[in-house]
$ cat input29.cif   # mmCIF, C-alpha atoms and all ligand atoms; chains and numbers go by the auth columns
data_start
#
loop_
_atom_site.group_PDB
_atom_site.id
_atom_site.type_symbol
_atom_site.label_atom_id
_atom_site.label_comp_id
_atom_site.label_asym_id
_atom_site.label_seq_id
_atom_site.Cartn_x
_atom_site.Cartn_y
_atom_site.Cartn_z
_atom_site.B_iso_or_equiv
_atom_site.auth_seq_id
_atom_site.auth_asym_id
ATOM 1 C CA MET A 1 -4.569 40.691 34.141 0.00 61 W
ATOM 2 C CA GLY A 2 -2.930 40.924 37.522 0.00 62 W
ATOM 3 C CA CYS A 3 -1.318 38.037 39.414 0.00 63 W
ATOM 4 C CA TYR A 4 -4.195 37.928 41.880 0.00 64 W
ATOM 5 C CA GLU A 5 -6.746 37.282 39.096 0.00 65 W
ATOM 6 C CA LEU A 6 -4.570 34.590 37.518 0.00 66 W
ATOM 7 C CA LYS A 7 -4.438 32.764 40.855 0.00 67 W
ATOM 8 C CA GLU A 8 -8.180 32.418 40.788 0.00 68 W
ATOM 9 C CA LEU A 9 -8.135 30.826 37.352 0.00 69 W
ATOM 10 C CA VAL A 10 -5.308 28.262 37.562 0.00 70 W
ATOM 11 C CA ASP A 11 -3.647 26.118 40.203 0.00 71 W
ATOM 12 C CA ASP A 12 -0.206 26.910 41.651 0.00 72 W
ATOM 13 C CA VAL A 13 1.714 24.625 39.311 0.00 73 W
ATOM 14 C CA HIS A 14 0.275 26.233 36.217 0.00 74 W
ATOM 15 C CA LEU A 15 0.596 29.682 37.728 0.00 75 W
ATOM 16 C CA GLN A 16 4.351 29.177 38.159 0.00 76 W
ATOM 17 C CA LEU A 17 4.639 27.879 34.600 0.00 77 W
ATOM 18 C CA ILE A 18 2.820 30.911 33.261 0.00 78 W
ATOM 19 C CA LEU A 19 4.881 33.337 35.326 0.00 79 W
ATOM 20 C CA ALA A 20 8.059 31.600 34.150 0.00 80 W
ATOM 21 C CA THR A 21 7.243 32.288 30.517 0.00 81 W
ATOM 22 C CA PRO A 22 10.005 34.564 29.194 0.00 82 W
ATOM 23 C CA ILE A 23 8.772 37.876 27.899 0.00 83 W
ATOM 24 C CA PRO A 24 10.307 38.582 24.480 0.00 84 W
ATOM 25 C CA SER A 25 12.316 41.760 24.211 0.00 85 W
ATOM 26 C CA ASN A 26 11.303 42.375 20.578 0.00 86 W
ATOM 27 C CA THR A 27 7.827 42.927 19.250 0.00 87 W
ATOM 28 C CA THR A 28 7.460 39.898 16.969 0.00 88 W
ATOM 29 C CA PRO A 29 3.767 39.297 16.330 0.00 89 W
ATOM 30 C CA ASP A 30 2.177 36.121 17.630 0.00 90 W
ATOM 31 C CA SER A 31 1.738 33.260 15.180 0.00 91 W
ATOM 32 C CA VAL A 32 0.235 29.788 15.114 0.00 92 W
ATOM 33 C CA TYR A 33 2.808 27.109 16.046 0.00 93 W
ATOM 34 C CA TRP A 34 2.213 23.344 15.737 0.00 94 W
ATOM 35 C CA ARG A 35 4.035 21.913 18.730 0.00 95 W
ATOM 36 C CA LEU A 36 4.247 18.364 17.322 0.00 96 W
ATOM 37 C CA SER A 37 6.725 19.385 14.648 0.00 97 W
ATOM 38 C CA GLU A 38 10.216 20.792 14.947 0.00 98 W
ATOM 39 C CA ASN A 39 9.579 23.878 12.834 0.00 99 W
ATOM 40 C CA GLY A 40 6.076 24.622 14.047 0.00 100 W
ATOM 41 C CA GLU A 41 4.459 23.783 10.726 0.00 101 W
ATOM 42 C CA PHE A 42 1.597 21.307 10.428 0.00 102 W
ATOM 43 C CA PRO A 43 2.388 18.102 8.548 0.00 103 W
ATOM 44 C CA ILE A 44 -0.625 15.784 8.847 0.00 104 W
ATOM 45 C CA LYS A 45 1.599 12.754 9.457 0.00 105 W
ATOM 46 C CA THR A 46 2.474 14.063 12.922 0.00 106 W
ATOM 47 C CA THR A 47 -1.157 13.618 13.973 0.00 107 W
ATOM 48 C CA THR A 48 -0.988 9.966 12.839 0.00 108 W
ATOM 49 C CA TRP A 49 2.218 9.484 14.800 0.00 109 W
ATOM 50 C CA ALA A 50 0.653 11.085 17.873 0.00 110 W
ATOM 51 C CA ALA A 51 -2.453 8.894 17.537 0.00 111 W
ATOM 52 C CA HIS A 52 -0.205 5.815 17.497 0.00 112 W
ATOM 53 C CA GLU A 53 1.862 7.229 20.392 0.00 113 W
ATOM 54 C CA LEU A 54 5.005 7.102 18.271 0.00 114 W
ATOM 55 C CA ASP A 55 8.132 9.190 18.624 0.00 115 W
ATOM 56 C CA ILE A 56 7.000 12.380 16.979 0.00 116 W
ATOM 57 C CA LYS A 57 10.395 14.098 17.098 0.00 117 W
ATOM 58 C CA ASN A 58 11.972 11.411 14.929 0.00 118 W
ATOM 59 C CA SER A 59 10.332 9.724 11.994 0.00 119 W
ATOM 60 C CA PRO A 60 8.997 6.467 13.441 0.00 120 W
ATOM 61 C CA SER A 61 9.904 3.186 11.809 0.00 121 W
ATOM 62 C CA TRP A 62 6.733 1.354 10.856 0.00 122 W
ATOM 63 C CA GLU A 63 6.607 -2.349 11.418 0.00 123 W
ATOM 64 C CA TYR A 64 5.002 -2.988 8.049 0.00 124 W
ATOM 65 C CA ASN A 65 7.032 -0.557 5.934 0.00 125 W
ATOM 66 C CA TRP A 66 8.228 -3.524 3.859 0.00 126 W
ATOM 67 C CA ILE A 67 4.790 -3.593 2.218 0.00 127 W
ATOM 68 C CA TRP A 68 5.618 -0.480 0.175 0.00 128 W
ATOM 69 C CA HIS A 69 8.696 -2.198 -1.253 0.00 129 W
ATOM 70 C CA LEU A 70 6.831 -5.227 -2.593 0.00 130 W
ATOM 71 C CA ASP A 71 6.651 -5.628 -6.355 0.00 131 W
ATOM 72 C CA ILE A 72 2.854 -5.694 -6.508 0.00 132 W
ATOM 73 C CA MET A 73 0.052 -3.458 -7.733 0.00 133 W
ATOM 74 C CA PRO A 74 -0.434 -0.293 -5.652 0.00 134 W
ATOM 75 C CA LYS A 75 -4.012 -1.298 -4.839 0.00 135 W
ATOM 76 C CA LEU A 76 -2.702 -4.560 -3.391 0.00 136 W
ATOM 77 C CA LYS A 77 -0.200 -2.655 -1.262 0.00 137 W
ATOM 78 C CA ILE A 78 -2.985 -0.513 0.169 0.00 138 W
ATOM 79 C CA PHE A 79 -5.091 -3.621 0.794 0.00 139 W
ATOM 80 C CA LEU A 80 -2.195 -5.342 2.569 0.00 140 W
ATOM 81 C CA TRP A 81 -1.450 -2.259 4.658 0.00 141 W
ATOM 82 C CA GLN A 82 -5.076 -2.202 5.805 0.00 142 W
ATOM 83 C CA LEU A 83 -5.013 -5.923 6.523 0.00 143 W
ATOM 84 C CA CYS A 84 -1.839 -5.684 8.622 0.00 144 W
ATOM 85 C CA HIS A 85 -3.249 -2.749 10.594 0.00 145 W
ATOM 86 C CA THR A 86 -6.605 -4.462 11.157 0.00 146 W
ATOM 87 C CA SER A 87 -8.370 -1.681 9.337 0.00 147 W
ATOM 88 C CA LEU A 88 -10.106 -3.808 6.725 0.00 148 W
ATOM 89 C CA PRO A 89 -13.807 -3.428 7.491 0.00 149 W
ATOM 90 C CA THR A 90 -14.476 -7.028 8.477 0.00 150 W
ATOM 91 C CA ARG A 91 -17.543 -7.540 10.629 0.00 151 W
ATOM 92 C CA GLY A 92 -15.399 -8.071 13.733 0.00 152 W
ATOM 93 C CA THR A 93 -13.555 -4.802 13.123 0.00 153 W
ATOM 94 C CA LEU A 94 -16.810 -2.916 12.527 0.00 154 W
ATOM 95 C CA LEU A 95 -18.190 -4.268 15.821 0.00 155 W
ATOM 96 C CA ASN A 96 -15.099 -2.981 17.638 0.00 156 W
ATOM 97 C CA ARG A 97 -15.858 0.428 16.136 0.00 157 W
ATOM 98 C CA GLY A 98 -19.336 0.390 17.637 0.00 158 W
ATOM 99 C CA LEU A 99 -21.484 -0.858 14.756 0.00 159 W
ATOM 100 C CA GLN A 100 -24.222 -3.292 15.709 0.00 160 W
ATOM 101 C CA ILE A 101 -24.117 -5.756 12.821 0.00 161 W
ATOM 102 C CA ASP A 102 -24.300 -9.451 12.039 0.00 162 W
ATOM 103 C CA LEU A 103 -20.886 -10.847 13.007 0.00 163 W
ATOM 104 C CA ILE A 104 -21.070 -14.163 11.212 0.00 164 W
ATOM 105 C CA CYS A 105 -18.568 -14.803 8.415 0.00 165 W
ATOM 106 C CA PRO A 106 -20.336 -14.524 5.041 0.00 166 W
ATOM 107 C CA LEU A 107 -18.123 -17.232 3.547 0.00 167 W
ATOM 108 C CA CYS A 108 -18.820 -20.098 5.957 0.00 168 W
ATOM 109 C CA ASN A 109 -21.806 -18.690 7.891 0.00 169 W
ATOM 110 C CA VAL A 110 -20.475 -20.340 11.044 0.00 170 W
ATOM 111 C CA GLU A 111 -17.867 -18.277 12.876 0.00 171 W
ATOM 112 C CA ILE A 112 -17.248 -14.633 13.698 0.00 172 W
ATOM 113 C CA GLU A 113 -15.561 -12.775 10.851 0.00 173 W
ATOM 114 C CA ASP A 114 -12.232 -11.197 11.704 0.00 174 W
ATOM 115 C CA VAL A 115 -9.081 -11.042 9.566 0.00 175 W
ATOM 116 C CA ASP A 116 -7.539 -14.170 11.065 0.00 176 W
ATOM 117 C CA HIS A 117 -10.684 -16.184 10.505 0.00 177 W
ATOM 118 C CA LEU A 118 -11.452 -14.773 7.064 0.00 178 W
ATOM 119 C CA PHE A 119 -7.979 -15.265 5.602 0.00 179 W
ATOM 120 C CA LEU A 120 -6.717 -18.312 7.496 0.00 180 W
ATOM 121 C CA ARG A 121 -9.149 -20.365 9.548 0.00 181 W
ATOM 122 C CA CYS A 122 -12.352 -20.127 7.519 0.00 182 W
ATOM 123 C CA SER A 123 -13.199 -23.390 5.737 0.00 183 W
ATOM 124 C CA ALA A 124 -13.654 -21.371 2.512 0.00 184 W
ATOM 125 C CA ALA A 125 -10.213 -19.759 2.931 0.00 185 W
ATOM 126 C CA GLN A 126 -8.648 -23.164 3.509 0.00 186 W
ATOM 127 C CA GLU A 127 -10.268 -24.378 0.300 0.00 187 W
ATOM 128 C CA VAL A 128 -8.727 -21.406 -1.533 0.00 188 W
ATOM 129 C CA TRP A 129 -5.253 -22.024 -0.050 0.00 189 W
ATOM 130 C CA GLY A 130 -5.436 -25.691 -1.009 0.00 190 W
ATOM 131 C CA LEU A 131 -5.831 -24.950 -4.723 0.00 191 W
ATOM 132 C CA PRO A 132 -2.529 -23.142 -5.438 0.00 192 W
ATOM 133 C CA ASN A 133 -0.743 -25.891 -3.535 0.00 193 W
ATOM 134 C CA GLU A 134 -2.330 -28.458 -5.835 0.00 194 W
ATOM 135 C CA HIS A 135 -1.449 -26.398 -8.907 0.00 195 W
ATOM 136 C CA ASN A 136 2.060 -25.688 -7.640 0.00 196 W
ATOM 137 C CA TRP A 137 1.447 -21.937 -7.890 0.00 197 W
ATOM 138 C CA VAL A 138 2.135 -21.126 -4.233 0.00 198 W
ATOM 139 C CA CYS A 139 3.226 -23.896 -1.877 0.00 199 W
ATOM 140 C CA ILE A 140 2.449 -22.742 1.641 0.00 200 W
ATOM 141 C CA ASN A 141 0.680 -23.997 4.721 0.00 201 W
ATOM 142 C CA ALA A 142 -1.836 -21.196 5.256 0.00 202 W
ATOM 143 C CA GLY A 143 -4.678 -23.575 5.998 0.00 203 W
ATOM 144 C CA THR A 144 -3.098 -25.398 8.926 0.00 204 W
ATOM 145 C CA ASN A 145 -4.419 -24.922 12.427 0.00 205 W
ATOM 146 C CA SER A 146 -1.027 -23.896 13.835 0.00 206 W
ATOM 147 C CA ILE A 147 -1.261 -20.482 12.144 0.00 207 W
ATOM 148 C CA ASN A 148 -3.594 -18.151 13.999 0.00 208 W
ATOM 149 C CA ASN A 149 -2.407 -14.646 13.218 0.00 209 W
ATOM 150 C CA VAL A 150 -2.297 -13.437 9.635 0.00 210 W
ATOM 151 C CA GLN A 151 0.072 -10.528 10.351 0.00 211 W
ATOM 152 C CA ASN A 152 2.656 -12.726 12.081 0.00 212 W
ATOM 153 C CA TRP A 153 2.276 -15.341 9.386 0.00 213 W
ATOM 154 C CA LEU A 154 3.014 -12.779 6.655 0.00 214 W
ATOM 155 C CA SER A 155 6.030 -11.447 8.541 0.00 215 W
ATOM 156 C CA ASP A 156 7.354 -15.011 8.893 0.00 216 W
ATOM 157 C CA LEU A 157 6.803 -15.705 5.199 0.00 217 W
ATOM 158 C CA ARG A 158 9.117 -12.822 4.271 0.00 218 W
ATOM 159 C CA THR A 159 12.084 -14.608 5.806 0.00 219 W
ATOM 160 C CA SER A 160 11.021 -18.192 5.228 0.00 220 W
ATOM 161 C CA THR A 161 13.249 -20.775 3.561 0.00 221 W
ATOM 162 C CA PRO A 162 12.741 -21.531 0.745 0.00 222 W
ATOM 163 C CA LEU A 163 11.501 -18.083 -0.196 0.00 223 W
ATOM 164 C CA VAL A 164 7.780 -17.859 -0.856 0.00 224 W
ATOM 165 C CA PRO A 165 6.522 -15.681 -3.744 0.00 225 W
ATOM 166 C CA LEU A 166 4.894 -13.110 -1.492 0.00 226 W
ATOM 167 C CA ASP A 167 3.297 -11.319 -4.442 0.00 227 W
ATOM 168 C CA ARG A 168 1.177 -14.415 -5.130 0.00 228 W
ATOM 169 C CA VAL A 169 0.246 -14.788 -1.476 0.00 229 W
ATOM 170 C CA VAL A 170 -0.928 -11.172 -1.409 0.00 230 W
ATOM 171 C CA ALA A 171 -2.852 -11.684 -4.659 0.00 231 W
ATOM 172 C CA LEU A 172 -4.692 -14.619 -3.069 0.00 232 W
ATOM 173 C CA LEU A 173 -5.467 -12.654 0.081 0.00 233 W
ATOM 174 C CA TRP A 174 -6.768 -9.771 -2.029 0.00 234 W
ATOM 175 C CA SER A 175 -8.847 -12.124 -4.181 0.00 235 W
ATOM 176 C CA THR A 176 -10.351 -13.695 -1.050 0.00 236 W
ATOM 177 C CA TRP A 177 -11.321 -10.218 0.144 0.00 237 W
ATOM 178 C CA LYS A 178 -12.879 -9.492 -3.259 0.00 238 W
ATOM 179 C CA VAL A 179 -14.964 -12.668 -3.229 0.00 239 W
ATOM 180 C CA ARG A 180 -16.060 -11.878 0.330 0.00 240 W
ATOM 181 C CA ASN A 181 -17.224 -8.426 -0.783 0.00 241 W
ATOM 182 C CA ASN A 182 -19.003 -9.835 -3.824 0.00 242 W
ATOM 183 C CA ILE A 183 -20.900 -12.246 -1.566 0.00 243 W
ATOM 184 C CA VAL A 184 -21.861 -9.490 0.899 0.00 244 W
ATOM 185 C CA PHE A 185 -22.759 -6.759 -1.583 0.00 245 W
ATOM 186 C CA GLN A 186 -23.736 -8.591 -4.768 0.00 246 W
ATOM 187 C CA ASN A 187 -25.123 -11.865 -3.430 0.00 247 W
ATOM 188 C CA GLU A 188 -22.596 -13.880 -5.391 0.00 248 W
ATOM 189 C CA LYS A 189 -21.769 -17.474 -4.506 0.00 249 W
ATOM 190 C CA PHE A 190 -18.377 -18.497 -3.166 0.00 250 W
ATOM 191 C CA ASN A 191 -16.165 -20.102 -5.777 0.00 251 W
ATOM 192 C CA SER A 192 -12.655 -21.112 -4.773 0.00 252 W
ATOM 193 C CA VAL A 193 -11.471 -21.728 -8.358 0.00 253 W
ATOM 194 C CA ALA A 194 -12.678 -18.267 -9.471 0.00 254 W
ATOM 195 C CA THR A 195 -10.842 -16.814 -6.454 0.00 255 W
ATOM 196 C CA LEU A 196 -7.598 -18.462 -7.545 0.00 256 W
ATOM 197 C CA ILE A 197 -8.079 -17.392 -11.173 0.00 257 W
ATOM 198 C CA ARG A 198 -8.620 -13.763 -10.103 0.00 258 W
ATOM 199 C CA ALA A 199 -5.421 -13.897 -8.050 0.00 259 W
ATOM 200 C CA LYS A 200 -3.472 -15.340 -10.965 0.00 260 W
ATOM 201 C CA LYS A 201 -4.922 -12.729 -13.287 0.00 261 W
ATOM 202 C CA VAL A 202 -3.944 -9.768 -11.126 0.00 262 W
ATOM 203 C CA SER A 203 -0.489 -11.235 -10.641 0.00 263 W
ATOM 204 C CA VAL A 204 0.107 -11.778 -14.373 0.00 264 W
ATOM 205 C CA GLU A 205 -1.395 -8.388 -15.250 0.00 265 W
ATOM 206 C CA TRP A 206 1.150 -6.674 -13.014 0.00 266 W
ATOM 207 C CA GLN A 207 4.047 -8.639 -14.505 0.00 267 W
ATOM 208 C CA ILE A 208 2.964 -7.721 -18.044 0.00 268 W
ATOM 209 C CA ARG A 209 2.558 -4.060 -17.122 0.00 269 W
ATOM 210 C CA HIS A 210 5.949 -4.115 -15.454 0.00 270 W
ATOM 211 C CA LYS A 211 7.659 -5.625 -18.502 0.00 271 W
ATOM 212 C CA LEU A 212 5.933 -3.176 -20.832 0.00 272 W
ATOM 213 C CA THR A 213 7.031 -0.240 -18.694 0.00 273 W
ATOM 214 C CA GLN A 214 10.610 -1.498 -18.615 0.00 274 W
ATOM 215 C CA SER A 215 10.699 -2.049 -22.381 0.00 275 W
ATOM 216 C CA LEU A 216 9.442 1.490 -22.986 0.00 276 W
ATOM 217 C CA GLN A 217 12.004 3.130 -20.730 0.00 277 W
ATOM 218 C CA PRO A 218 15.200 4.322 -22.448 0.00 278 W
ATOM 219 C CA LEU A 219 18.470 2.923 -21.196 0.00 279 W
ATOM 220 C CA ASN A 220 20.080 5.243 -18.717 0.00 280 W
ATOM 221 C CA PRO A 221 23.420 6.258 -20.269 0.00 281 W
ATOM 222 C CA ARG A 222 24.968 6.601 -16.816 0.00 282 W
ATOM 223 C CA PHE A 223 24.490 2.931 -15.988 0.00 283 W
ATOM 224 C CA SER A 224 24.285 1.284 -19.358 0.00 284 W
ATOM 225 C CA THR A 225 27.282 -0.783 -20.419 0.00 285 W
ATOM 226 C CA THR A 226 25.626 -2.411 -23.416 0.00 286 W
ATOM 227 C CA ASN A 227 24.636 0.782 -25.177 0.00 287 W
ATOM 228 C CA PRO A 228 27.198 3.520 -24.755 0.00 288 W
ATOM 229 C CA LYS A 229 25.314 5.805 -27.139 0.00 289 W
ATOM 230 C CA LYS A 230 23.694 8.800 -25.604 0.00 290 W
ATOM 231 C CA THR A 231 19.933 9.164 -25.643 0.00 291 W
ATOM 232 C CA TYR A 232 18.729 12.447 -27.029 0.00 292 W
ATOM 233 C CA TRP A 233 15.256 13.695 -26.289 0.00 293 W
ATOM 234 C CA MET A 234 13.714 16.097 -28.766 0.00 294 W
ATOM 235 C CA ALA A 235 10.556 18.087 -28.285 0.00 295 W
ATOM 236 C CA TRP A 236 8.026 18.300 -31.114 0.00 296 W
ATOM 237 C CA LYS A 237 8.006 21.713 -32.713 0.00 297 W
ATOM 238 C CA LYS A 238 5.114 23.202 -34.580 0.00 298 W
ATOM 239 C CA PRO A 239 5.892 23.583 -38.339 0.00 299 W
ATOM 240 C CA PRO A 240 5.793 27.035 -39.933 0.00 300 W
ATOM 241 C CA GLU A 241 2.400 28.355 -41.003 0.00 301 W
ATOM 242 C CA GLY A 242 1.215 26.880 -44.308 0.00 302 W
ATOM 243 C CA SER A 243 3.504 23.819 -44.276 0.00 303 W
ATOM 244 C CA ILE A 244 2.998 20.166 -43.275 0.00 304 W
ATOM 245 C CA LYS A 245 5.471 18.419 -41.019 0.00 305 W
ATOM 246 C CA LEU A 246 6.222 14.707 -41.385 0.00 306 W
ATOM 247 C CA SER A 247 8.301 13.190 -38.562 0.00 307 W
ATOM 248 C CA PHE A 248 9.631 9.667 -38.739 0.00 308 W
ATOM 249 C CA ASP A 249 12.000 7.326 -37.002 0.00 309 W
ATOM 250 C CA GLU A 250 13.682 4.225 -38.355 0.00 310 W
ATOM 251 C CA PHE A 251 15.221 1.119 -36.916 0.00 311 W
ATOM 252 C CA LYS A 252 16.983 -1.956 -38.212 0.00 312 W
ATOM 253 C CA SER A 253 16.454 -5.423 -36.805 0.00 313 W
ATOM 254 C CA ILE A 254 19.613 -7.305 -35.807 0.00 314 W
ATOM 255 C CA ASN A 255 18.448 -10.399 -37.696 0.00 315 W
ATOM 256 C CA SER A 256 17.164 -8.600 -40.751 0.00 316 W
ATOM 257 C CA SER A 257 18.494 -6.219 -43.306 0.00 317 W
ATOM 258 C CA ASN A 258 15.111 -4.532 -43.563 0.00 318 W
ATOM 259 C CA ILE A 259 14.969 -0.969 -42.400 0.00 319 W
ATOM 260 C CA ARG A 260 11.584 -0.102 -40.971 0.00 320 W
ATOM 261 C CA ARG A 261 10.264 3.362 -40.623 0.00 321 W
ATOM 262 C CA LEU A 262 7.839 4.526 -38.006 0.00 322 W
ATOM 263 C CA TYR A 263 5.906 7.604 -39.058 0.00 323 W
ATOM 264 C CA TYR A 264 4.264 9.992 -36.731 0.00 324 W
ATOM 265 C CA THR A 265 3.221 13.582 -37.039 0.00 325 W
HETATM 266 ZN ZN ZN B . -15.784 -18.257 7.685 0.00 401 W
#
$ encode --input "input29.cif" --output "structure tokens"
Amino acid sequence: MGCYELKELVDDVHLQLILATPIPSNTTPDSVYWRLSENGEFPIKTTTWAAHELDIKNSPSWEYNWIWHLDIMPKLKIFLWQLCHTSLPTRGTLLNRGLQIDLICPLCNVEIEDVDHLFLRCSAAQEVWGLPNEHNWVCINAGTNSINNVQNWLSDLRTSTPLVPLDRVVALLWSTWKVRNNIVFQNEKFNSVATLIRAKKVSVEWQIRHKLTQSLQPLNPRFSTTNPKKTYWMAWKKPPEGSIKLSFDEFKSINSSNIRRLYYT
């Protein structure tokens, strides 16, 4: 294509940019290059960064990255991440996305449902927050009128004095969301006590799982000072053809002289 034809297609600014393109001296074939990454490859996270207008050349620091470091169930982390980014599908959020739906909160049937109303200002939410205070499970002031923004409130709680058990707060938020969904999709009735019990249950379940996992993990010889013995891992080997293999382990309790054997094949 000659310069005259190019002039007809683009304005002067773009024409100069095109003409300024260096012509490579070698004959390297053309290839697809993703301009939002340094190496031209396509990591999907760069599209998220671009959508949020973040610095795509350097990994952006997310305001709510602390969520991933909480000692809570993964499903609660995902829930909290959605809550903090206003991506929980509350009726207010769905309206902002163009859906024509009933906006009224399904818990109180009075006000518009958005995250701040649902988790803080709703009369049902305030009833839920009152219970753990009474039972001394979580002592916080979530139901007061001075708190209007759930994201800011959570960020403040992280540095509050005395420290608030954030895992329990998240469990209550999650349980409130569950009861809301059960009302909307299964026609259940609101029950503040059941909401608290569900929160306690998920919190205890995680603690038990955590303790079980820790008790099953071998001590790391690099960091262990109490057990200097090395841990040896042995793979199970198939016995020779025509023979039966009996594997067993034994241990001795500190307070007992009994030696117990654990058989497994
Ligand atoms: Zn409400």
$ closest_atom_pairs --input "input29.cif" --of "segment 96-169 of chain W" --to "segment 174-179 of chain W" --cutoff "9 Å" --atoms "only C-alpha atoms" --output "tab-separated table"
residue	atom	partner	partner_atom	distance
W:Leu143	CA	W:Val175	CA	7.2
W:Thr146	CA	W:Val175	CA	7.2
W:Leu148	CA	W:Val175	CA	7.8
W:Pro149	CA	W:Asp174	CA	9.0
W:Thr150	CA	W:Asp174	CA	5.7
W:Arg151	CA	W:Asp174	CA	6.5
W:Gly152	CA	W:Asp174	CA	4.9
W:Thr153	CA	W:Asp174	CA	6.7
W:Leu163	CA	W:Asp174	CA	8.8
W:Cys165	CA	W:Leu178	CA	7.2
W:Leu167	CA	W:Leu178	CA	7.9
$ closest_residue --input "input29.cif" --among "W:Val239, W:Ile83, W:Ala259, W:Val230" --to "Asp131 of chain W" --atoms "all atoms listed in the file"
W:Val230
$ closest_atom_pairs --input "input29.cif" --of "chain W" --to "ligand ZN 401 (chain W)" --cutoff "8 Å" --atoms "all atoms listed in the file" --output "JSON lines"
{"residue": "W:Ile164", "atom": "CA", "partner": "W:ZN401", "partner_atom": "ZN", "distance": 7.6}
{"residue": "W:Cys165", "atom": "CA", "partner": "W:ZN401", "partner_atom": "ZN", "distance": 4.5}
{"residue": "W:Pro166", "atom": "CA", "partner": "W:ZN401", "partner_atom": "ZN", "distance": 6.5}
{"residue": "W:Leu167", "atom": "CA", "partner": "W:ZN401", "partner_atom": "ZN", "distance": 4.9}
{"residue": "W:Cys168", "atom": "CA", "partner": "W:ZN401", "partner_atom": "ZN", "distance": 3.9}
{"residue": "W:Asn169", "atom": "CA", "partner": "W:ZN401", "partner_atom": "ZN", "distance": 6.0}
{"residue": "W:Val170", "atom": "CA", "partner": "W:ZN401", "partner_atom": "ZN", "distance": 6.1}
{"residue": "W:Glu171", "atom": "CA", "partner": "W:ZN401", "partner_atom": "ZN", "distance": 5.6}
{"residue": "W:Ile172", "atom": "CA", "partner": "W:ZN401", "partner_atom": "ZN", "distance": 7.2}
{"residue": "W:Glu173", "atom": "CA", "partner": "W:ZN401", "partner_atom": "ZN", "distance": 6.3}
{"residue": "W:His177", "atom": "CA", "partner": "W:ZN401", "partner_atom": "ZN", "distance": 6.2}
{"residue": "W:Leu178", "atom": "CA", "partner": "W:ZN401", "partner_atom": "ZN", "distance": 5.6}
{"residue": "W:Arg181", "atom": "CA", "partner": "W:ZN401", "partner_atom": "ZN", "distance": 7.2}
{"residue": "W:Cys182", "atom": "CA", "partner": "W:ZN401", "partner_atom": "ZN", "distance": 3.9}
{"residue": "W:Ser183", "atom": "CA", "partner": "W:ZN401", "partner_atom": "ZN", "distance": 6.1}
{"residue": "W:Ala184", "atom": "CA", "partner": "W:ZN401", "partner_atom": "ZN", "distance": 6.4}
{"residue": "W:Ala185", "atom": "CA", "partner": "W:ZN401", "partner_atom": "ZN", "distance": 7.5}
$ atom_distance --input "input29.cif" --atom1 "atom CA of Gln274 of chain W" --atom2 "atom CA of Leu232 of chain W"
25.5 Å
$ atom_distance --input "input29.cif" --atom1 "atom CA of Thr236 of chain W" --atom2 "atom CA of Tyr124 of chain W"
20.8 Å
$ atom_distance --input "input29.cif" --atom1 "atom CA of Ile132 of chain W" --atom2 "atom CA of His270 of chain W"
9.6 Å
$ resolve_selection --input "input29.cif" --expression "the PyMOL selection byres (((chain W and resi 191) around 12) and not hetatm)" --output "list in words"
Ala184, Ala185, Gln186, Glu187, Val188, Trp189, Gly190, Pro192, Asn193, Glu194, His195, Asn196, Trp197, Val198, Cys199, Ile200, Asn201, Ala202, Gly203, Leu232, Asn251, Ser252, Val253, Ala254, Thr255, Leu256, Ile257, Ala259 and Lys260 of chain W
$ closest_residue --input "input29.cif" --among "W:Leu223, W:Ile243, W:Ile304, W:Met133" --to "Ser263 of chain W" --atoms "only C-alpha atoms"
W:Met133
